[in-house]
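Raw target-v9.cif, mmCIF, C-alpha atoms and all ligand atoms:
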```
data_data
loop_
_atom_site.label_atom_id
_atom_site.label_comp_id
_atom_site.auth_asym_id
_atom_site.auth_seq_id
_atom_site.Cartn_x
_atom_site.Cartn_y
_atom_site.Cartn_z
CA LYS A 1 100.26 41.88 58.59
CA THR A 2 102.19 43.39 55.69
CA LYS A 3 102.94 42.26 52.17
CA LYS A 4 106.41 42.24 50.73
CA THR A 5 105.70 42.93 47.08
CA GLY A 6 105.11 46.67 47.09
CA ARG A 7 105.50 46.86 43.36
CA TYR A 8 102.71 49.40 43.14
CA ALA A 9 104.19 51.70 45.74
CA ASN A 10 106.56 53.53 43.44
CA ILE A 11 104.09 53.80 40.61
CA ILE A 12 100.47 54.18 41.67
CA PRO A 13 99.15 57.40 43.24
CA MET A 14 97.39 57.25 46.61
CA ALA A 15 93.65 56.54 46.36
CA GLU A 16 92.96 59.69 48.38
CA LEU A 17 94.26 61.79 45.48
CA ASN A 18 91.50 60.61 43.18
CA THR A 19 90.27 63.82 41.57
CA LYS A 20 91.89 66.39 39.37
CA GLU A 21 91.40 69.09 42.01
CA LYS A 22 93.19 66.96 44.59
CA ARG A 23 96.06 66.16 42.24
CA LEU A 24 96.48 69.86 41.52
CA ASN A 25 96.31 70.69 45.22
CA PRO A 26 97.12 67.58 47.28
CA PHE A 27 98.27 69.53 50.35
CA PRO A 28 95.00 69.51 52.33
CA ILE A 29 94.94 65.70 51.97
CA TYR A 30 98.47 65.43 53.35
CA ASP A 31 97.45 67.66 56.27
CA GLN A 32 94.51 65.36 57.03
CA LEU A 33 96.54 62.16 56.74
CA ARG A 34 99.35 63.56 58.89
CA GLN A 35 96.78 64.18 61.66
CA SER A 36 94.73 61.01 61.29
CA THR A 37 97.26 58.35 60.28
CA PRO A 38 100.81 59.74 60.45
CA VAL A 39 102.21 56.28 59.67
CA ARG A 40 99.88 53.85 57.93
CA TYR A 41 99.94 50.76 55.77
CA ASP A 42 98.14 51.07 52.42
CA GLU A 43 96.90 47.67 51.25
CA SER A 44 96.11 48.83 47.72
CA ARG A 45 99.66 49.99 47.08
CA SER A 46 101.36 47.51 49.45
CA CYS A 47 103.46 50.11 51.20
CA TRP A 48 103.77 52.26 54.30
CA ASP A 49 103.09 55.98 54.00
CA VAL A 50 104.87 58.29 56.43
CA PHE A 51 103.67 61.89 56.78
CA ARG A 52 105.39 63.56 59.76
CA TYR A 53 108.60 65.56 59.45
CA GLU A 54 110.28 63.83 62.36
CA ASP A 55 109.60 60.34 60.99
CA VAL A 56 110.55 61.22 57.40
CA HIS A 57 113.77 62.78 58.64
CA ARG A 58 114.59 59.70 60.70
CA ILE A 59 114.05 57.40 57.71
CA LEU A 60 116.18 59.44 55.29
CA LYS A 61 118.94 59.72 57.90
CA ASP A 62 119.25 55.96 58.36
CA PRO A 63 120.15 54.26 55.06
CA ALA A 64 121.26 51.08 56.84
CA THR A 65 117.69 50.48 58.05
CA PHE A 66 115.95 52.10 55.06
CA SER A 67 117.63 50.96 51.87
CA SER A 68 117.39 52.73 48.53
CA LYS A 69 117.44 49.42 46.66
CA ARG A 70 113.73 49.56 45.99
CA GLY A 71 112.53 45.98 45.74
CA MET A 72 110.37 45.68 42.65
CA ASP A 73 111.08 49.06 41.13
CA ILE A 74 110.43 48.99 37.41
CA ARG A 75 113.25 51.45 36.84
CA LYS A 76 115.72 48.63 36.97
CA ARG A 77 118.88 50.20 35.68
CA GLU A 78 121.46 50.49 38.44
CA ASN A 79 122.18 54.09 39.35
CA ILE A 80 123.20 55.93 42.53
CA LEU A 81 119.60 56.84 43.36
CA ILE A 82 118.82 53.17 43.96
CA MET A 83 122.18 52.09 45.42
CA ASP A 84 123.37 51.66 49.01
CA PRO A 85 126.87 52.19 50.44
CA PRO A 86 129.63 51.30 49.83
CA ARG A 87 128.96 51.39 46.06
CA HIS A 88 126.77 54.48 46.38
CA THR A 89 129.54 56.43 48.16
CA GLN A 90 132.12 55.48 45.52
CA MET A 91 129.96 56.22 42.50
CA ARG A 92 128.62 59.49 43.87
CA GLY A 93 132.18 60.55 44.70
CA LEU A 94 133.03 60.45 40.99
CA VAL A 95 130.71 63.31 40.07
CA ASN A 96 130.43 65.19 43.36
CA LYS A 97 133.09 67.66 42.35
CA ALA A 98 131.24 68.62 39.17
CA PHE A 99 128.18 69.73 41.18
CA THR A 100 129.55 71.70 44.14
CA PRO A 101 128.03 75.17 44.67
CA LYS A 102 131.35 76.76 43.73
CA VAL A 103 131.76 74.90 40.43
CA VAL A 104 128.11 75.41 39.58
CA ALA A 105 128.27 79.16 40.32
CA ASP A 106 130.65 79.55 37.37
CA LEU A 107 127.77 78.51 35.10
CA ALA A 108 125.69 81.55 36.12
CA PRO A 109 126.54 83.84 33.16
CA HIS A 110 125.83 81.07 30.71
CA ILE A 111 122.55 80.07 32.38
CA THR A 112 121.55 83.75 32.31
CA SER A 113 122.21 84.01 28.59
CA ILE A 114 120.21 80.85 27.83
CA THR A 115 117.33 82.28 29.89
CA ASN A 116 117.53 85.60 28.06
CA ALA A 117 117.54 83.88 24.67
CA LEU A 118 114.45 81.85 25.60
CA LEU A 119 112.65 85.01 26.76
CA ASP A 120 113.75 86.96 23.63
CA ALA A 121 111.78 84.47 21.55
CA VAL A 122 108.47 85.28 23.25
CA LEU A 123 108.86 88.80 24.64
CA ASP A 124 107.08 90.61 21.81
CA HIS A 125 104.01 88.42 22.09
CA GLY A 126 103.02 89.63 25.56
CA LYS A 127 102.09 86.06 26.43
CA MET A 128 103.84 82.74 26.84
CA ASP A 129 103.50 79.31 28.33
CA ILE A 130 105.94 79.38 31.20
CA VAL A 131 106.27 75.57 31.11
CA SER A 132 107.02 74.94 27.44
CA ASP A 133 108.71 78.27 26.65
CA LEU A 134 111.11 78.46 29.60
CA ALA A 135 110.76 75.90 32.40
CA VAL A 136 111.18 72.87 30.13
CA PRO A 137 113.98 74.02 27.80
CA LEU A 138 116.23 75.78 30.35
CA PRO A 139 117.16 72.75 32.51
CA VAL A 140 117.30 70.43 29.50
CA ILE A 141 119.76 72.67 27.67
CA VAL A 142 121.92 73.11 30.79
CA ILE A 143 122.14 69.40 31.62
CA ALA A 144 122.61 68.38 27.97
CA GLU A 145 125.57 70.76 27.70
CA LEU A 146 127.09 69.48 30.94
CA LEU A 147 126.75 65.88 29.82
CA GLY A 148 128.02 66.71 26.37
CA VAL A 149 125.01 65.61 24.32
CA PRO A 150 123.58 67.70 21.46
CA THR A 151 121.04 70.25 22.74
CA GLU A 152 119.19 69.90 19.41
CA ASP A 153 117.97 66.54 20.69
CA ARG A 154 116.22 68.16 23.61
CA GLN A 155 112.72 67.32 22.37
CA LEU A 156 113.68 63.66 22.53
CA PHE A 157 115.13 63.99 26.07
CA LYS A 158 111.95 65.63 27.23
CA GLU A 159 109.76 62.87 25.79
CA TRP A 160 111.92 60.15 27.31
CA SER A 161 112.21 61.70 30.75
CA ASP A 162 108.46 62.37 30.86
CA ILE A 163 107.89 58.65 30.41
CA LEU A 164 110.47 57.72 33.07
CA VAL A 165 108.55 59.55 35.82
CA LYS A 166 105.11 58.62 34.54
CA GLY A 167 102.58 56.57 36.47
CA PRO A 168 99.15 55.16 35.59
CA ASP A 169 96.11 57.09 36.69
CA GLU A 170 94.22 54.01 37.78
CA ASN A 171 95.12 51.25 40.17
CA THR A 172 94.54 48.47 37.65
CA GLU A 173 96.74 45.72 36.33
CA GLU A 174 96.21 46.95 32.78
CA ALA A 175 97.20 50.56 33.47
CA PHE A 176 100.18 49.33 35.46
CA ASN A 177 101.39 47.03 32.67
CA GLN A 178 101.09 49.77 30.12
CA VAL A 179 103.29 52.09 32.15
CA VAL A 180 105.83 49.32 32.66
CA ALA A 181 105.93 48.67 28.91
CA GLU A 182 106.28 52.35 27.97
CA ASN A 183 108.94 52.79 30.59
CA ALA A 184 110.91 49.80 29.34
CA GLN A 185 110.80 51.12 25.80
CA ALA A 186 111.95 54.62 26.77
CA SER A 187 114.78 53.08 28.80
CA GLU A 188 115.85 51.01 25.77
CA GLU A 189 115.83 54.03 23.49
CA LEU A 190 117.73 56.16 26.00
CA SER A 191 120.33 53.42 26.45
CA ALA A 192 120.83 53.09 22.71
CA TYR A 193 121.14 56.87 22.41
CA PHE A 194 123.74 57.14 25.18
CA ALA A 195 125.58 54.02 24.01
CA ARG A 196 126.43 55.87 20.79
CA ILE A 197 127.68 58.95 22.66
CA VAL A 198 129.71 56.82 25.08
CA GLU A 199 131.38 55.09 22.17
CA GLN A 200 132.26 58.43 20.57
CA ARG A 201 133.68 59.81 23.83
CA ARG A 202 135.75 56.71 24.42
CA SER A 203 137.64 57.30 21.20
CA GLU A 204 137.57 61.09 21.48
CA PRO A 205 137.17 62.44 25.04
CA LYS A 206 135.90 65.98 25.53
CA ASP A 207 135.50 68.32 28.48
CA ASP A 208 132.12 66.95 29.58
CA LEU A 209 130.58 64.71 32.25
CA ILE A 210 130.37 61.61 30.08
CA SER A 211 134.10 61.83 29.34
CA LEU A 212 134.74 62.41 33.06
CA LEU A 213 132.79 59.26 33.95
CA LEU A 214 134.64 57.24 31.31
CA ALA A 215 138.02 58.32 32.69
CA ALA A 216 137.07 57.81 36.35
CA GLU A 217 138.29 54.86 38.41
CA ILE A 218 137.05 53.24 41.60
CA GLU A 219 139.83 51.29 43.33
CA GLY A 220 141.72 51.10 40.06
CA GLN A 221 138.66 49.93 38.11
CA LYS A 222 136.99 51.90 35.36
CA LEU A 223 133.20 51.98 35.07
CA ASN A 224 131.76 49.80 32.34
CA ASP A 225 129.58 51.23 29.57
CA GLU A 226 126.36 50.11 31.28
CA GLU A 227 127.28 52.06 34.41
CA VAL A 228 128.20 55.20 32.49
CA ILE A 229 124.95 54.99 30.49
CA ALA A 230 122.86 54.50 33.65
CA PHE A 231 124.54 57.46 35.34
CA SER A 232 123.96 59.67 32.29
CA ILE A 233 120.29 58.73 32.08
CA LEU A 234 119.83 59.51 35.78
CA LEU A 235 121.46 62.93 35.44
CA LEU A 236 119.36 63.75 32.41
CA ALA A 237 116.04 62.65 33.91
CA ALA A 238 116.60 63.77 37.52
CA GLY A 239 117.62 67.23 36.43
CA ASN A 240 114.77 67.71 33.98
CA GLU A 241 111.42 66.95 35.44
CA THR A 242 112.23 68.46 38.79
CA THR A 243 113.80 71.80 37.87
CA THR A 244 111.08 72.43 35.28
CA ASN A 245 108.51 72.17 38.04
CA LEU A 246 110.50 74.36 40.41
CA ILE A 247 110.53 77.17 37.83
CA ALA A 248 106.89 76.70 36.82
CA ASN A 249 105.70 76.45 40.45
CA ALA A 250 107.66 79.62 41.30
CA VAL A 251 106.00 81.59 38.50
CA ARG A 252 102.65 80.12 39.47
CA ARG A 253 103.23 81.53 42.96
CA LEU A 254 103.98 84.99 41.50
CA THR A 255 100.66 85.00 39.66
CA GLU A 256 98.77 83.79 42.72
CA ASP A 257 100.05 86.71 44.79
CA GLN A 258 100.50 90.03 42.99
CA ALA A 259 101.76 91.76 46.16
CA LEU A 260 104.51 89.16 46.38
CA GLN A 261 105.33 89.78 42.71
CA ARG A 262 105.79 93.52 43.38
CA GLN A 263 107.77 92.83 46.55
CA LEU A 264 110.24 90.57 44.72
CA LYS A 265 110.57 93.03 41.87
CA GLU A 266 111.50 95.79 44.30
CA ASN A 267 113.74 93.56 46.37
CA PRO A 268 115.42 90.88 44.21
CA ASP A 269 117.67 89.95 47.14
CA LEU A 270 114.67 87.97 48.38
CA ILE A 271 114.80 85.64 45.36
CA PRO A 272 116.98 82.92 46.97
CA SER A 273 114.74 82.63 50.04
CA PHE A 274 111.66 82.83 47.77
CA ILE A 275 112.96 79.82 45.82
CA GLU A 276 113.52 77.88 49.08
CA GLU A 277 109.95 78.63 50.14
CA VAL A 278 108.63 77.47 46.74
CA LEU A 279 110.56 74.23 47.31
CA ARG A 280 108.95 73.82 50.72
CA PHE A 281 105.46 74.85 49.63
CA TYR A 282 105.24 73.17 46.20
CA PRO A 283 107.95 70.49 46.24
CA PRO A 284 108.58 69.08 42.73
CA VAL A 285 109.26 65.65 44.29
CA GLN A 286 106.45 64.82 46.70
CA ALA A 287 107.69 61.54 48.15
CA ILE A 288 110.78 59.34 48.42
CA GLY A 289 110.77 55.53 48.52
CA ARG A 290 112.82 53.18 50.71
CA VAL A 291 112.75 49.50 51.74
CA ALA A 292 113.16 48.42 55.37
CA THR A 293 116.15 46.11 55.88
CA ARG A 294 115.04 44.96 59.35
CA ASP A 295 111.99 45.08 61.60
CA VAL A 296 111.71 48.62 62.94
CA GLU A 297 109.20 50.84 64.71
CA ILE A 298 108.18 54.19 63.23
CA GLY A 299 105.58 56.39 64.90
CA GLY A 300 104.33 53.44 66.97
CA MET A 301 103.87 51.15 63.95
CA GLN A 302 105.76 47.91 63.42
CA ILE A 303 107.46 47.92 60.03
CA LYS A 304 108.76 44.56 58.85
CA ALA A 305 112.00 43.80 57.01
CA GLY A 306 111.28 43.97 53.27
CA ASP A 307 108.39 46.44 53.54
CA GLN A 308 108.24 49.44 51.19
CA VAL A 309 108.21 52.78 52.98
CA ILE A 310 107.13 55.99 51.25
CA SER A 311 108.25 59.22 52.93
CA TRP A 312 105.99 62.13 52.02
CA VAL A 313 108.32 65.13 51.99
CA ALA A 314 105.46 67.31 50.69
CA SER A 315 103.64 66.56 53.94
CA ALA A 316 106.76 66.87 56.14
CA ASN A 317 107.36 70.32 54.63
CA ARG A 318 104.01 71.44 56.06
CA ASP A 319 104.28 69.77 59.45
CA GLU A 320 103.18 72.21 62.13
CA ALA A 321 105.51 70.49 64.60
CA LYS A 322 108.47 71.71 62.52
CA PHE A 323 107.36 74.88 60.70
CA LYS A 324 105.57 77.88 62.16
CA ASP A 325 102.39 78.64 60.25
CA PRO A 326 103.21 75.97 57.63
CA GLY A 327 100.20 76.68 55.42
CA SER A 328 101.37 80.25 54.78
CA PHE A 329 103.86 81.14 52.09
CA VAL A 330 106.53 83.17 53.91
CA VAL A 331 108.92 84.62 51.36
CA ASP A 332 111.75 85.22 53.85
CA ARG A 333 111.20 82.15 56.04
CA LYS A 334 114.31 81.46 58.12
CA PRO A 335 115.36 78.84 58.90
CA ASN A 336 113.73 76.77 56.20
CA PRO A 337 114.81 73.14 56.71
CA HIS A 338 112.49 71.77 53.98
CA LEU A 339 113.13 68.27 52.64
CA ALA A 340 112.44 68.99 48.95
CA PHE A 341 115.93 67.76 48.02
CA GLY A 342 115.80 64.84 50.45
CA PHE A 343 118.24 64.45 53.31
CA GLY A 344 121.39 62.48 54.17
CA ILE A 345 123.58 60.49 51.81
CA HIS A 346 121.17 60.70 48.86
CA PHE A 347 120.60 64.45 49.26
CA CYS A 348 120.06 65.77 45.75
CA LEU A 349 123.34 65.94 43.89
CA GLY A 350 121.95 68.61 41.60
CA ALA A 351 120.57 70.89 44.35
CA PRO A 352 123.14 73.69 43.83
CA LEU A 353 122.43 73.63 40.09
CA ALA A 354 118.65 73.52 40.52
CA ARG A 355 118.77 76.42 43.00
CA LEU A 356 120.93 78.47 40.66
CA GLU A 357 118.68 77.79 37.65
CA GLY A 358 115.58 78.65 39.67
CA GLN A 359 117.10 81.87 40.99
CA ILE A 360 118.38 82.99 37.60
CA ALA A 361 115.09 82.18 35.86
CA LEU A 362 113.12 84.22 38.40
CA ARG A 363 115.58 87.10 38.47
CA THR A 364 115.55 87.37 34.68
CA ILE A 365 111.77 87.07 34.48
CA LEU A 366 111.34 89.85 37.04
CA GLU A 367 113.87 92.05 35.24
CA ARG A 368 112.24 91.70 31.86
CA LEU A 369 108.53 91.14 32.49
CA GLN A 370 105.99 92.94 34.60
CA ASP A 371 102.34 92.53 35.47
CA ILE A 372 102.59 88.77 35.08
CA GLN A 373 99.14 87.19 35.15
CA PHE A 374 97.81 83.70 34.75
CA VAL A 375 95.46 83.49 31.78
CA THR A 376 92.27 82.95 33.76
CA GLY A 377 90.02 80.20 32.56
CA SER A 378 92.88 78.20 31.04
CA GLU A 379 92.59 74.51 31.57
CA LEU A 380 95.26 73.18 33.95
CA SER A 381 96.40 69.58 33.88
CA TYR A 382 98.75 67.91 36.31
CA ILE A 383 101.73 65.75 35.53
CA GLN A 384 100.58 62.17 35.65
CA SER A 385 103.17 60.86 38.06
CA PRO A 386 102.84 59.46 41.57
CA PHE A 387 105.66 61.58 42.98
CA VAL A 388 106.49 64.44 40.62
CA TYR A 389 104.34 67.49 41.24
CA GLY A 390 103.62 70.18 38.69
CA VAL A 391 101.41 71.40 35.89
CA LYS A 392 101.78 70.56 32.22
CA GLN A 393 101.00 74.06 30.95
CA TYR A 394 100.85 77.42 32.63
CA PRO A 395 99.92 80.26 30.25
CA ILE A 396 100.72 83.80 31.37
CA THR A 397 100.34 87.31 30.01
CA PHE A 398 102.77 90.13 30.82
CA GLN A 399 104.14 93.50 29.77
CA ALA A 400 107.68 93.47 28.43
CA ILE A 401 109.96 95.98 30.14
CA ASP A 402 111.97 98.20 27.74
CA ARG A 403 115.70 97.88 28.22
C1 LIG B 501 118.45 63.01 44.30
C2 LIG B 501 114.96 66.34 44.23
C3 LIG B 501 117.27 68.70 40.64
C4 LIG B 501 120.32 64.99 40.25
C5 LIG B 501 117.35 63.75 44.63
C6 LIG B 501 116.48 63.49 45.75
C7 LIG B 501 115.48 64.41 45.70
C8 LIG B 501 115.74 65.28 44.58
C9 LIG B 501 114.30 64.51 46.66
C10 LIG B 501 116.67 62.38 46.81
C11 LIG B 501 116.09 61.07 46.40
C12 LIG B 501 116.28 60.00 47.45
O1 LIG B 501 116.69 60.28 48.58
O2 LIG B 501 115.99 58.84 47.13
C13 LIG B 501 115.30 67.28 43.26
C14 LIG B 501 114.58 68.51 43.04
C15 LIG B 501 115.24 69.18 42.02
C16 LIG B 501 116.36 68.36 41.62
C17 LIG B 501 113.34 68.95 43.80
C18 LIG B 501 114.93 70.50 41.39
C19 LIG B 501 114.25 71.44 41.95
C20 LIG B 501 118.31 67.92 40.22
C21 LIG B 501 119.26 68.25 39.19
C22 LIG B 501 120.10 67.17 39.06
C23 LIG B 501 119.70 66.19 40.05
C24 LIG B 501 119.31 69.55 38.41
C25 LIG B 501 121.26 66.90 38.15
C26 LIG B 501 121.91 67.64 37.46
C27 LIG B 501 120.08 64.15 41.30
C28 LIG B 501 120.81 62.92 41.53
C29 LIG B 501 120.27 62.35 42.70
C30 LIG B 501 119.21 63.23 43.16
C31 LIG B 501 121.95 62.38 40.69
C32 LIG B 501 120.69 61.04 43.37
C33 LIG B 501 121.64 61.32 44.50
C34 LIG B 501 121.97 60.10 45.30
O3 LIG B 501 121.23 59.11 45.25
O4 LIG B 501 123.00 60.12 45.98
N1 LIG B 501 116.89 64.87 43.94
N2 LIG B 501 116.36 67.22 42.39
N3 LIG B 501 118.63 66.67 40.74
N4 LIG B 501 119.13 64.31 42.29
FE1 LIG B 501 117.80 65.82 42.40
#
```
Spell out the structure here as structure tokens.
Ligand code: HEM
Amino acid sequence: KTKKTGRYANIIPMAELNTKEKRLNPFPIYDQLRQSTPVRYDESRSCWDVFRYEDVHRILKDPATFSSKRGMDIRKRENILIMDPPRHTQMRGLVNKAFTPKVVADLAPHITSITNALLDAVLDHGKMDIVSDLAVPLPVIVIAELLGVPTEDRQLFKEWSDILVKGPDENTEEAFNQVVAENAQASEELSAYFARIVEQRRSEPKDDLISLLLAAEIEGQKLNDEEVIAFSILLLAAGNETTTNLIANAVRRLTEDQALQRQLKENPDLIPSFIEEVLRFYPPVQAIGRVATRDVEIGGMQIKAGDQVISWVASANRDEAKFKDPGSFVVDRKPNPHLAFGFGIHFCLGAPLARLEGQIALRTILERLQDIQFVTGSELSYIQSPFVYGVKQYPITFQAIDR
């Protein structure tokens, strides 16, 4: 017997991840659950959890059966992430061209100079917080420039997007309502902010994504302001929280394994496959939500039309049925069909950009810093979100390399 509400599913963390240690390292729990209950219904969150690669892959590949229109999602604003075809195909088509690997590659020199400028500011100190000094500002500056919004407002963007991915720490009505209220307020403020920019670009278009969206047509119809605002908010938030954690998790990995740090320094050609392995090993997005559109069987369980289904990509990425020695970090793993960017029609639009930013950040760090160490004894806290995985601070020490 299953419930159809599922309003907690996209917001509340699993009960199994109930301690700080587990939130910082949830992977052993996923391993256990994948063995014991690969597909299970969680009464407390009113949703199905799916842990095996094969099942997750099947769900993401079949948007007709597993819709992205998440029933009671509190993030109500219509955007492509929570749309189904045909509208999804049309809307995504408008910006696809701006995010192809080829177009994005042209941004490399500029991304490199932003990275260098951020490192210049801290290099003499011999220590920095990799999260606040580099991993947060780099993606925010890049996406703000692409959208055409002032990079000086980046503190605001960060605060807003933090709230958009936030979840309560407790499974209580009170904690839930508070998150809903905060989320609604951040959405309002973001809308008001982008409404002003949209108005400016309507009268005076520039060479940026907001102007592109305003000029675009679907079957002869322009998008309305609401649609342009929703798209802009998605691009801002989706690109921020995730890429920050990719960069921070990558540096975390370097400090956890000094031999790996030396190996990458000597052989920077390994950086792209290193970044892919970080995505598999420490995926910034741990799970992806869908809603069943019909009764369907997954892993021997009967899922009913209307049920919420949560696909744990962080577990799929460590499924021994798909990856050899999945618990080991293999810097040159090939092939590496991880699901960190999802799969199928909703495959991350920003993946080429995120990969490029991650690669450039690591390349520049390894060129300019050596002997990178985590400041032992520092308190680590995790991002309070059901699906986004990362740490809030990560202090490091290093030696600057003379150039
Ligand atoms: C979709 C992860 C960076 C924009 C997704 C999805 C995942 C994901 C898992 C699929 C969600 C689903 O199937 O429901 C990541 C990770 C990133 C990252 C791990 C960084 C390491 C970015 C960046 C941007 C971006 C930099 C934008 C500039 C989007 C958009 C979608 C999306 C617009 C929705 C695509 C659609 O529904 O068709 N991302 N993302 N992402 N991502 Fe990313």
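The neighbours of stretch 377-382 of chain A here are the residues that come within 7 Å of it, using all atoms listed in the file and leaving out any residue fewer than 4 positions away in the same chain; they are Arg23, Leu24, Gly390, Val391, Lys392 and Gln393 of chain A.
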- Query: Which protein, DNA or RNA residues have an atom within 6 Å of ligand LIG 501 (chain B), counting only C-alpha atoms and all ligand atoms, as a ChimeraX atom specification?
  - Reply: /A:80-81,235,238-239,242-243,246,284-285,288,340-342,345-351,353-354
- If you count only C-alpha atoms, which residues fall within 8 Å of A:Ile247, apart from same-chain ones fewer than 4 positions away, as a ChimeraX atom specification? /A:135,243,251,358,361-362
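For stretch 208-216 of chain A, the non-local neighbours within 9 Å, defined as residues at least 5 positions apart in the same chain or in other chains and counting only C-alpha atoms, are Leu94, Val95, Ala98, Glu145, Leu146, Leu147, Gly148, Val149, Ile197, Val198, Arg201, Arg202, Gln221, Lys222, Leu223, Asn224, Asp225, Val228, Ile229, Phe231 and Ser232 of chain A.
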- Query: For A:Ala108, which of A:Met128, A:Thr364, A:Ser67, A:Ala314 is the closest residue, counting only C-alpha atoms?
  - Reply: A:Thr364
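When only C-alpha atoms are used to measure the gap to A:Val180, the shortest distance among A:Val291, A:Ile114, A:Ile163, A:Glu217 belongs to A:Ile163.
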- Item | For atom CA of A:Phe281 and atom CA of A:Arg70, the interatomic separation in Å (one decimal) | 26.9 Å
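Nearest-residue note for A:Tyr282: choosing from A:Gly167, A:Pro38, A:Pro13, A:Pro26, the minimum distance belongs to A:Pro26, counting all atoms listed in the file.
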- Expressed in Å to a single decimal, how great is the separation between atom CA of A:Ser132 and atom CA of A:Pro268?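 So the two atoms, atom CA of A:Ser132 and atom CA of A:Pro268, lie 24.6 Å apart.
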- Task: Might you pull out every residue within 10 Å of A:Pro28, with all atoms listed in the file counted and same-chain residues fewer than 4 positions away left off, and present them as an MDAnalysis selection string?
- Result: chainID A and resid 22 32:34 315 318 327
For stretch 92-98 of chain A, I'd like the enclosing box, axis-aligned and padded by 3 Å on every side, reported as JSON with centre and edge lengths in Å to one decimal.
```
{"center_x": 130.9, "center_y": 64.1, "center_z": 41.9, "size_x": 10.5, "size_y": 15.1, "size_z": 11.5}
```
- Name the closest residue to A:Phe51 among the candidates A:Gln359, A:Thr151, A:Gln200, A:Gln286; distances are taken between atoms, counting only C-alpha atoms.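 Looking only at the distances to A:Phe51, the closest residue turns out to be A:Gln286.
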